[in-house]
$ cat structure_13.cif   # mmCIF, C-alpha atoms and all ligand atoms
data_model
loop_
_atom_site.label_atom_id
_atom_site.label_comp_id
_atom_site.auth_asym_id
_atom_site.auth_seq_id
_atom_site.Cartn_x
_atom_site.Cartn_y
_atom_site.Cartn_z
CA MET A 1 113.16 124.49 170.73
CA MET A 2 111.02 127.49 169.70
CA LEU A 3 109.40 125.45 166.97
CA TYR A 4 108.73 122.63 169.40
CA ILE A 5 107.00 124.93 171.93
CA SER A 6 105.00 126.57 169.15
CA LEU A 7 103.76 123.27 167.72
CA PHE A 8 103.06 121.82 171.14
CA SER A 9 101.03 124.89 172.19
CA ARG A 10 99.09 124.77 168.95
CA TYR A 11 98.32 121.09 169.50
CA LEU A 12 97.04 121.70 173.00
CA ARG A 13 95.48 125.05 172.05
CA VAL A 14 96.84 126.58 175.24
CA GLU A 15 98.41 129.88 176.01
CA PRO A 16 102.22 129.94 175.61
CA PRO A 17 104.19 129.48 178.80
CA SER A 18 104.67 132.67 180.78
CA GLY A 19 108.45 132.30 180.77
CA CYS A 20 108.64 132.82 176.99
CA ASP A 21 110.04 136.03 175.62
CA THR A 22 107.46 138.36 174.01
CA VAL A 23 108.44 137.65 170.39
CA LEU A 24 108.02 133.95 170.95
CA ARG A 25 104.73 134.46 172.80
CA ASP A 26 103.34 136.46 169.86
CA ARG A 27 104.46 133.83 167.39
CA ILE A 28 102.73 131.11 169.39
CA ARG A 29 99.56 133.17 169.84
CA ASN A 30 99.36 133.70 166.08
CA SER A 31 99.85 130.04 165.47
CA LEU A 32 96.91 129.22 167.78
CA ASP A 33 94.55 130.93 165.36
CA VAL A 34 94.58 127.95 162.99
CA PRO A 35 92.84 128.73 159.71
CA MET A 36 90.73 126.07 157.97
CA THR A 37 93.33 125.45 155.28
CA GLU A 38 95.82 124.25 157.87
CA ILE A 39 94.06 120.92 158.31
CA PRO A 40 96.67 118.62 156.75
CA ARG A 41 95.48 117.12 153.46
CA SER A 42 97.07 113.85 154.48
CA HIS A 43 94.75 113.53 157.48
CA PRO A 44 92.50 110.49 156.92
CA ARG A 45 89.47 112.53 158.05
CA HIS A 46 90.38 115.65 156.08
CA ALA A 47 87.01 116.17 154.34
CA SER A 48 85.07 115.69 157.56
CA LEU A 49 87.37 118.04 159.51
CA VAL A 50 87.01 120.75 156.87
CA LEU A 51 83.21 120.63 157.23
CA ARG A 52 83.55 120.94 161.01
CA GLU A 53 85.88 123.91 160.63
CA LYS A 54 83.44 125.62 158.29
CA LEU A 55 80.65 125.18 160.84
CA VAL A 56 82.78 126.37 163.74
CA GLU A 57 83.85 129.40 161.71
CA GLY A 58 80.18 130.01 160.76
CA PHE A 59 79.24 129.76 164.42
CA LYS A 60 81.93 132.29 165.42
CA GLN A 61 80.59 134.65 162.76
CA GLY A 62 77.04 134.32 164.13
CA ILE A 63 75.69 132.47 161.07
CA VAL A 64 75.38 128.95 162.48
CA ALA A 65 73.23 128.46 165.61
CA PRO A 66 74.91 126.62 168.52
CA GLU A 67 72.29 123.91 167.99
CA GLY A 68 73.58 123.63 164.42
CA LEU A 69 76.89 122.26 165.72
CA ILE A 70 75.02 119.59 167.67
CA ALA A 71 72.84 118.76 164.67
CA HIS A 72 75.97 118.28 162.55
CA GLY A 73 77.41 115.84 165.10
CA ARG A 74 74.24 113.80 164.90
CA GLY A 75 74.50 113.81 161.13
CA GLU A 76 78.16 112.70 161.26
CA MET A 77 77.17 109.63 163.23
CA PHE A 78 74.73 108.53 160.52
CA ASP A 79 77.30 109.39 157.85
CA TYR A 80 79.73 106.94 159.49
CA LEU A 81 77.08 104.28 159.28
CA ILE A 82 76.55 104.72 155.53
CA GLY A 83 80.30 104.74 154.97
CA GLU A 84 80.57 108.49 154.23
CA ARG A 85 79.59 107.99 150.60
CA THR A 86 76.57 108.42 148.38
CA THR A 87 74.71 105.11 148.42
CA LYS A 88 72.79 103.49 145.56
CA GLY A 89 69.55 104.24 147.42
CA SER A 90 70.33 107.93 147.76
CA ARG A 91 71.18 108.11 144.04
CA VAL A 92 67.70 106.77 143.26
CA ALA A 93 66.16 109.37 145.59
CA SER A 94 68.27 112.12 144.05
CA ARG A 95 67.08 111.30 140.53
CA ALA A 96 63.45 111.38 141.73
CA ALA A 97 64.10 114.71 143.46
CA ALA A 98 65.64 116.11 140.29
CA ALA A 99 62.53 115.06 138.35
CA LEU A 100 60.28 116.73 140.90
CA LEU A 101 62.24 119.97 140.71
CA ILE A 102 62.17 119.92 136.90
CA GLN A 103 58.38 119.48 136.93
CA ALA A 104 57.80 122.13 139.62
CA LYS A 105 56.10 125.41 138.73
CA HIS A 106 57.30 127.34 141.75
CA PRO A 107 60.20 125.56 143.45
CA VAL A 108 61.89 127.05 146.52
CA ILE A 109 65.11 126.11 148.32
CA SER A 110 64.94 126.62 152.07
CA VAL A 111 68.31 127.54 153.56
CA ASN A 112 69.36 127.51 157.22
CA GLY A 113 72.63 128.43 158.96
CA ASN A 114 74.34 125.05 158.51
CA VAL A 115 73.48 124.76 154.83
CA ALA A 116 74.57 128.35 154.13
CA VAL A 117 78.09 127.84 155.48
CA LEU A 118 78.55 124.29 154.19
CA CYS A 119 77.57 124.78 150.56
CA PRO A 120 76.74 128.34 149.47
CA ASP A 121 78.02 127.82 145.90
CA ASP A 122 75.93 124.69 145.35
CA ILE A 123 72.81 126.41 146.70
CA VAL A 124 73.28 129.25 144.23
CA ARG A 125 74.05 126.87 141.35
CA LEU A 126 71.02 124.72 142.19
CA SER A 127 68.72 127.75 142.33
CA GLU A 128 69.90 128.75 138.85
CA ILE A 129 69.61 125.35 137.28
CA ALA A 130 66.29 124.46 138.95
CA ARG A 131 64.97 128.01 138.49
CA ALA A 132 64.14 128.02 142.17
CA ARG A 133 63.90 130.90 144.63
CA ILE A 134 66.11 130.83 147.70
CA GLU A 135 64.43 131.52 151.03
CA ILE A 136 66.21 131.67 154.36
CA GLY A 137 64.04 129.83 156.86
CA LEU A 138 65.50 129.51 160.32
CA PHE A 139 64.47 127.37 163.21
CA HIS A 140 66.34 129.60 165.66
CA ARG A 141 65.32 132.78 163.92
CA THR A 142 66.97 136.16 164.51
CA ASP A 143 67.09 139.08 162.08
CA GLU A 144 70.81 139.30 162.63
CA ARG A 145 71.44 135.73 161.50
CA ILE A 146 69.12 136.11 158.52
CA SER A 147 70.91 139.18 157.28
CA LYS A 148 74.33 137.54 157.73
CA ILE A 149 73.17 134.46 155.82
CA GLN A 150 71.70 136.65 153.08
CA LYS A 151 75.00 138.54 152.79
CA LEU A 152 76.96 135.28 152.59
CA LEU A 153 74.70 133.89 149.86
CA GLU A 154 74.90 137.15 147.92
CA GLU A 155 78.69 137.05 148.12
CA HIS A 156 78.42 133.67 146.38
CA GLY A 157 76.21 135.08 143.64
CA ALA A 158 72.65 134.66 144.97
CA ARG A 159 70.05 137.23 143.96
CA ASP A 160 66.60 138.11 145.33
CA VAL A 161 67.04 136.01 148.45
CA LEU A 162 63.81 135.84 150.45
CA GLY A 163 63.35 135.49 154.19
CA PHE A 164 64.35 138.76 155.80
CA LEU A 165 60.89 140.31 155.60
CA PRO A 166 58.41 137.50 156.16
CA ASP A 167 54.77 138.25 155.35
CA ALA A 168 53.16 134.85 155.91
CA SER A 169 53.35 131.97 158.33
CA LEU A 170 53.10 128.19 158.16
CA PRO A 171 49.76 127.14 159.69
CA GLY A 172 49.90 124.97 162.79
CA LEU A 173 53.34 126.12 163.90
CA ASP A 174 53.87 128.47 166.79
CA HIS A 175 56.77 130.79 167.35
CA LEU A 176 59.10 132.54 164.93
CA ARG A 177 59.98 129.32 163.08
CA ALA A 178 56.56 129.56 161.37
CA LEU A 179 57.49 132.76 159.56
CA CYS A 180 57.94 132.61 155.81
CA SER A 181 57.52 134.63 152.67
CA LYS A 182 54.31 134.73 150.61
CA GLU A 183 56.10 134.78 147.27
CA GLY A 184 58.50 132.06 148.43
CA ILE A 185 57.79 129.02 150.57
CA TYR A 186 54.16 129.97 151.26
CA SER A 187 53.13 129.84 147.59
CA SER A 188 55.62 127.19 146.45
CA ASP A 189 54.59 123.82 145.06
CA VAL A 190 57.93 122.07 145.71
CA VAL A 191 60.29 122.92 148.57
CA LEU A 192 63.80 121.56 149.08
CA ILE A 193 64.40 121.26 152.82
CA PRO A 194 67.96 120.29 153.68
CA LEU A 195 68.53 119.56 157.41
CA GLU A 196 64.98 120.48 158.35
CA ASP A 197 63.26 120.24 161.70
CA GLY A 198 60.43 117.67 161.82
CA ASP A 199 57.66 120.09 162.84
CA ARG A 200 58.33 122.42 159.92
CA ALA A 201 58.59 119.51 157.49
CA GLU A 202 55.19 118.26 158.66
CA ALA A 203 53.64 121.73 158.44
CA LEU A 204 54.75 122.03 154.80
CA VAL A 205 53.30 118.64 153.92
CA ARG A 206 49.99 119.58 155.63
CA MET A 207 49.87 122.61 153.31
CA GLY A 208 49.93 120.20 150.37
CA LYS A 209 53.47 120.96 149.27
CA LYS A 210 55.80 118.41 147.77
CA THR A 211 58.94 118.37 149.86
CA ILE A 212 62.45 117.09 149.19
CA ALA A 213 64.44 116.48 152.38
CA ILE A 214 68.19 116.02 152.62
CA ASP A 215 68.81 114.29 155.92
CA LEU A 216 71.40 111.75 157.02
CA ASN A 217 69.03 110.23 159.56
CA PRO A 218 66.62 107.85 157.79
CA MET A 219 64.60 107.62 161.01
CA SER A 220 63.99 111.33 161.51
CA ARG A 221 60.45 112.71 161.29
CA THR A 222 61.57 114.91 158.41
CA ALA A 223 62.92 111.90 156.48
CA ARG A 224 59.68 110.01 157.07
CA THR A 225 57.44 112.94 156.20
CA ALA A 226 58.97 114.40 153.06
CA SER A 227 57.71 113.39 149.63
CA ILE A 228 61.29 112.46 148.71
CA THR A 229 64.17 112.02 151.13
CA ILE A 230 67.80 111.98 150.07
CA VAL A 231 69.76 110.28 152.85
CA ASP A 232 73.16 111.77 152.18
CA GLU A 233 75.54 114.40 153.51
CA VAL A 234 74.37 117.75 152.14
CA THR A 235 77.71 118.67 150.52
CA ARG A 236 77.61 115.41 148.54
CA ALA A 237 73.85 115.50 147.92
CA LEU A 238 73.68 118.93 146.27
CA PRO A 239 76.27 118.32 143.48
CA GLU A 240 74.58 114.98 142.77
CA LEU A 241 71.19 116.69 142.55
CA ILE A 242 72.56 119.39 140.25
CA LYS A 243 74.12 116.75 137.98
CA ASN A 244 70.82 114.84 137.81
CA ILE A 245 68.85 117.96 136.88
CA GLU A 246 71.39 118.72 134.15
CA ASP A 247 71.09 115.13 132.84
CA MET A 248 67.32 115.00 132.94
CA ARG A 249 66.21 118.45 131.85
CA GLY A 250 64.31 118.23 128.56
CA ASP A 251 63.86 114.48 128.90
CA SER A 252 60.37 114.05 130.33
CA LYS A 253 60.51 110.27 129.85
CA ALA A 254 63.60 110.01 132.07
CA ALA A 255 61.98 112.24 134.69
CA LYS A 256 58.83 110.10 134.72
CA HIS A 257 60.93 106.95 135.01
CA ALA A 258 62.97 108.37 137.91
CA LEU A 259 59.79 109.21 139.81
CA SER A 260 58.21 105.82 139.15
CA LYS A 261 61.30 104.02 140.47
CA TYR A 262 61.22 105.81 143.81
CA ASP A 263 59.28 104.66 146.87
CA ARG A 264 60.16 106.68 149.99
CA ASP A 265 59.51 104.06 152.66
CA GLU A 266 61.23 101.29 150.71
CA ASN A 267 64.18 103.58 150.02
CA LEU A 268 64.54 104.57 153.69
CA GLU A 269 64.26 100.96 154.79
CA GLU A 270 66.94 99.92 152.29
CA ILE A 271 69.34 102.60 153.55
CA ALA A 272 68.65 101.84 157.23
CA GLU A 273 69.31 98.18 156.43
CA GLU A 274 72.63 99.12 154.85
CA MET A 275 73.59 101.10 157.97
CA SER A 276 72.76 98.17 160.17
CA GLU A 277 74.77 95.75 157.96
CA ASN A 278 77.77 98.09 158.11
CA LEU A 279 77.54 98.12 161.89
CA GLU A 280 77.28 94.33 162.04
CA LYS A 281 80.32 93.95 159.78
CA PHE A 282 82.24 96.26 162.08
CA LEU A 283 81.24 94.29 165.17
CA GLU A 284 82.27 91.00 163.53
CA ARG A 285 85.83 92.21 162.95
O1 LIG B 1 69.98 127.51 161.29
P1 LIG B 1 68.71 127.15 162.01
O2 LIG B 1 68.38 128.09 163.12
O3 LIG B 1 67.54 126.98 161.07
O4 LIG B 1 68.94 125.70 162.70
C1 LIG B 1 69.36 124.61 161.90
C2 LIG B 1 69.27 123.27 162.69
C3 LIG B 1 69.97 122.21 161.84
C4 LIG B 1 69.97 123.44 164.03
C5 LIG B 1 67.79 122.95 162.92
O5 LIG B 1 67.11 122.87 161.70
C6 LIG B 1 67.62 121.65 163.69
O6 LIG B 1 67.53 121.65 164.91
O7 LIG B 1 67.57 120.54 162.94
P2 LIG B 1 67.44 119.07 163.57
O8 LIG B 1 66.04 118.85 164.05
O9 LIG B 1 68.57 118.77 164.48
O10 LIG B 1 67.62 118.19 162.26
C7 LIG B 1 68.76 118.20 161.50
C8 LIG B 1 68.86 116.85 160.76
O11 LIG B 1 69.86 117.00 159.76
C9 LIG B 1 69.27 115.67 161.66
O12 LIG B 1 68.48 114.54 161.35
C10 LIG B 1 70.73 115.40 161.26
O13 LIG B 1 71.04 114.03 161.30
C11 LIG B 1 70.76 115.90 159.84
N1 LIG B 1 72.07 116.44 159.42
C12 LIG B 1 72.95 117.14 160.18
N2 LIG B 1 74.01 117.51 159.45
C13 LIG B 1 73.79 117.05 158.19
C14 LIG B 1 72.56 116.36 158.17
N3 LIG B 1 72.06 115.82 157.06
C15 LIG B 1 72.79 115.95 155.92
N4 LIG B 1 73.99 116.58 155.87
C16 LIG B 1 74.51 117.16 156.98
N5 LIG B 1 75.69 117.79 156.94
#

$ encode --input "structure_13.cif" --output "C-alpha cells" --more "lines below"
Ligand code: PTJ
Amino acid sequence: MMLYISLFSRYLRVEPPSGCDTVLRDRIRNSLDVPMTEIPRSHPRHASLVLREKLVEGFKQGIVAPEGLIAHGRGEMFDYLIGERTTKGSRVASRAAAALLIQAKHPVISVNGNVAVLCPDDIVRLSEIARARIEIGLFHRTDERISKIQKLLEEHGARDVLGFLPDASLPGLDHLRALCSKEGIYSSDVVLIPLEDGDRAEALVRMGKKTIAIDLNPMSRTARTASITIVDEVTRALPELIKNIEDMRGDSKAAKHALSKYDRDENLEEIAEEMSENLEKFLER
C-alpha cells in the first residue's frame, strides 16, 4: 500500500495525503524530487525526455532562460518532422561547416543557456578540435547567467571563456543582446551560432562574418541568413561536426569538395520538403 501511494503521488507530482504518517510523508516527498536518471530507459521517448530534464534542471539553476524552454519546444516540433534523426541534407551541411571551421583564422563558438546545459562536453571538444574560442552570448543577458554558464563550461574543461566582460557591440542591434567581446565574436571571421536569434544572426552577417547556424527550423530567419545552416538537433549536430572536422583536417581537397557541394537555399528546401513528405505520410496512415 505504501509503495502504491508513493508511486501514485510521484506520478501526479502532488503532495502526499495528509492522513499519512510522517515517515511515509517524508518518503513520498523525497520520491517527488525525481532526478534525471530516473527516466526509464525503456521509455520510447527516453532521449527526448532526458533533454527536457536537462533544460528544466538548467532553468531551476538559473542557467536557461524561461524563453529557452519555449524555444526548445519549438525545436522539438521540427525534430518530429525530420524523424528525430540526422538527415542526408544536414550531413552535407555539416561537412561544409567543418570545412569552413578548418579554413577559419579566428573561429568562435557562441554559447547560450540552452546550448550550455544540453552539450557542454561537445562544446569544449569542438573548441579544442576547431581551435575556436568560446564566447557566451546571451539574448536574455544577465551577469548572473553568464557567470553560471561560464562556471558550467569550466567544470567541463573549457578555458578562457569570453563573454563576461564585453568590450564591443554588434552594430545595428539595440539592447544588451548586442554586447560581445572584441577578441572573440567581434574580431572573428567564422562564428558558430547554435539556436541563435534572427536579429543577431543578421547583424553578424552584416559585419561580413561567415556564420554556421544549428537550427531545427529551416524557415527561421537565422537558418535563412547564415552562410551554412545545419538543420539538426544540437546534441546530434555537434558530435557529427566534430567527427567531420577530425575526418577532414589536413585534407584541403576534401574540404574544398565539401564546400562546393553545399548550397544553403537548396539544402533548406530539400529538408523542408522532407518534413512535408513525412507529414503527408503520417496523414495518409
Ligand atoms: O540563453 P539566451 O538568453 O541566449 O536565450 C536562448 C534562446 C534560445 C531562448 C534565444 O536565443 C531565442 O529566443 O532563440 P529563438 O529565436 O527562439 O530561436 C531558437 C531556434 O532554435 C528556433 O528556431 C528553434 O526551432 C531552434 N531550436 C530549439 N531547440 C533546438 C533548436 N535547434 C536545434 N537543437 C535544439 N535543441

$ atom_distance --input "structure_13.cif" --atom1 "atom CA of A:Ser187" --atom2 "atom CA of A:Arg131"
15.0 Å

$ closest_residue --input "structure_13.cif" --among "A:His46, A:Arg200, A:Arg125, A:Arg159" --to "ligand LIG 1 (chain B)" --atoms "all atoms listed in the file"
A:Arg200

$ closest_residue --input "structure_13.cif" --among "A:Phe282, A:Gly68, A:Ala168, A:Arg95" --to "A:Ile212" --atoms "only C-alpha atoms"
A:Arg95

$ residues_near_point --input "structure_13.cif" --point "(64.9, 137.4, 164.7)" --cutoff "12 Å" --atoms "only C-alpha atoms" --output "list in words"
Ile136, Gly137, Leu138, Phe139, His140, Arg141, Thr142, Asp143, Glu144, Arg145, Ile146, Ser147, Lys148, Gly163, Phe164, Leu165, Pro166, His175, Leu176, Arg177, Ala178 and Leu179 of chain A

$ write_last_selection --input "structure_13.cif" --atoms "C-alpha atoms" --output "PDB file, keeping the file's coordinate frame"
ATOM      1  CA  ILE A 136      66.210 131.670 154.360  1.00  0.00           C
ATOM      2  CA  GLY A 137      64.040 129.830 156.860  1.00  0.00           C
ATOM      3  CA  LEU A 138      65.500 129.510 160.320  1.00  0.00           C
ATOM      4  CA  PHE A 139      64.470 127.370 163.210  1.00  0.00           C
ATOM      5  CA  HIS A 140      66.340 129.600 165.660  1.00  0.00           C
ATOM      6  CA  ARG A 141      65.320 132.780 163.920  1.00  0.00           C
ATOM      7  CA  THR A 142      66.970 136.160 164.510  1.00  0.00           C
ATOM      8  CA  ASP A 143      67.090 139.080 162.080  1.00  0.00           C
ATOM      9  CA  GLU A 144      70.810 139.300 162.630  1.00  0.00           C
ATOM     10  CA  ARG A 145      71.440 135.730 161.500  1.00  0.00           C
ATOM     11  CA  ILE A 146      69.120 136.110 158.520  1.00  0.00           C
ATOM     12  CA  SER A 147      70.910 139.180 157.280  1.00  0.00           C
ATOM     13  CA  LYS A 148      74.330 137.540 157.730  1.00  0.00           C
ATOM     14  CA  GLY A 163      63.350 135.490 154.190  1.00  0.00           C
ATOM     15  CA  PHE A 164      64.350 138.760 155.800  1.00  0.00           C
ATOM     16  CA  LEU A 165      60.890 140.310 155.600  1.00  0.00           C
ATOM     17  CA  PRO A 166      58.410 137.500 156.160  1.00  0.00           C
ATOM     18  CA  HIS A 175      56.770 130.790 167.350  1.00  0.00           C
ATOM     19  CA  LEU A 176      59.100 132.540 164.930  1.00  0.00           C
ATOM     20  CA  ARG A 177      59.980 129.320 163.080  1.00  0.00           C
ATOM     21  CA  ALA A 178      56.560 129.560 161.370  1.00  0.00           C
ATOM     22  CA  LEU A 179      57.490 132.760 159.560  1.00  0.00           C
TER      23      LEU A 179
END

$ residues_around --input "structure_13.cif" --residues "A:Glu155" --least-positions-apart "2" --cutoff "12 Å" --atoms "only C-alpha atoms" --output "PyMOL selection string"
chain A and resi 116-117+120-121+124+148-153+157-159+161

$ atom_distance --input "structure_13.cif" --atom1 "atom CA of A:Ala99" --atom2 "atom CA of A:Cys119"
21.7 Å

$ closest_residue --input "structure_13.cif" --among "A:Ala213, A:Leu192, A:Ala258, A:Ile123" --to "ligand LIG 1 (chain B)" --atoms "all atoms listed in the file"
A:Ala213

$ residues_around --input "structure_13.cif" --residues "A:Met219" --least-positions-apart "6" --cutoff "12 Å" --atoms "only C-alpha atoms" --output "list in words"
Gly75, Phe78, Gly198, Thr225, Ala226, Thr229, Val231, Arg264, Asp265, Asn267, Leu268, Glu269, Glu270, Ile271, Ala272, Glu273 and Met275 of chain A

$ residues_around --input "structure_13.cif" --residues "stretch 36-45 of chain A" --least-positions-apart "6" --cutoff "10 Å" --atoms "all atoms listed in the file" --output "JSON, numbers by chain"
{"A": [51, 52, 53, 54, 56, 57]}

$ closest_residue --input "structure_13.cif" --among "A:Glu76, A:Asp174, A:Leu118, A:Ala65" --to "A:Leu238" --atoms "all atoms listed in the file"
A:Leu118

$ closest_atom_pairs --input "structure_13.cif" --of "chain A" --to "ligand LIG 1 (chain B)" --cutoff "6 Å" --atoms "all atoms listed in the file" --output "Markdown table"
| residue | atom | partner | partner_atom | distance |
| --- | --- | --- | --- | --- |
| A:Val64 | CA | B:LIG1 | O1 | 5.7 |
| A:Ala65 | CA | B:LIG1 | O2 | 5.5 |
| A:Glu67 | CA | B:LIG1 | C4 | 4.6 |
| A:Gly68 | CA | B:LIG1 | C4 | 3.6 |
| A:Ala71 | CA | B:LIG1 | O9 | 4.3 |
| A:His72 | CA | B:LIG1 | N2 | 3.7 |
| A:Arg74 | CA | B:LIG1 | O13 | 4.8 |
| A:Gly75 | CA | B:LIG1 | O13 | 3.5 |
| A:Asn112 | CA | B:LIG1 | O1 | 4.1 |
| A:Gly113 | CA | B:LIG1 | O1 | 3.6 |
| A:Asn114 | CA | B:LIG1 | O1 | 5.7 |
| A:Leu138 | CA | B:LIG1 | O3 | 3.3 |
| A:Phe139 | CA | B:LIG1 | O3 | 3.8 |
| A:His140 | CA | B:LIG1 | O2 | 3.6 |
| A:Arg141 | CA | B:LIG1 | O2 | 5.7 |
| A:Leu195 | CA | B:LIG1 | O11 | 3.7 |
| A:Glu196 | CA | B:LIG1 | O5 | 4.6 |
| A:Asp197 | CA | B:LIG1 | O8 | 3.9 |
| A:Ile214 | CA | B:LIG1 | C15 | 5.7 |
| A:Asp215 | CA | B:LIG1 | N3 | 3.8 |
| A:Leu216 | CA | B:LIG1 | N3 | 4.1 |
| A:Asn217 | CA | B:LIG1 | O13 | 4.6 |
| A:Ser220 | CA | B:LIG1 | O12 | 5.5 |
| A:Asp232 | CA | B:LIG1 | C15 | 5.6 |
| A:Glu233 | CA | B:LIG1 | N4 | 3.6 |
| A:Val234 | CA | B:LIG1 | N4 | 3.9 |

$ atom_distance --input "structure_13.cif" --atom1 "atom CA of A:Arg285" --atom2 "atom CA of A:Arg91"
28.7 Å

$ closest_atom_pairs --input "structure_13.cif" --of "stretch 147-173 of chain A" --to "stretch 203-206 of chain A" --cutoff "12 Å" --atoms "all atoms listed in the file" --output "Markdown table"
| residue | atom | partner | partner_atom | distance |
| --- | --- | --- | --- | --- |
| A:Ser169 | CA | A:Ala203 | CA | 10.2 |
| A:Leu170 | CA | A:Ala203 | CA | 6.5 |
| A:Pro171 | CA | A:Ala203 | CA | 6.8 |
| A:Gly172 | CA | A:Ala203 | CA | 6.6 |
| A:Leu173 | CA | A:Ala203 | CA | 7.0 |
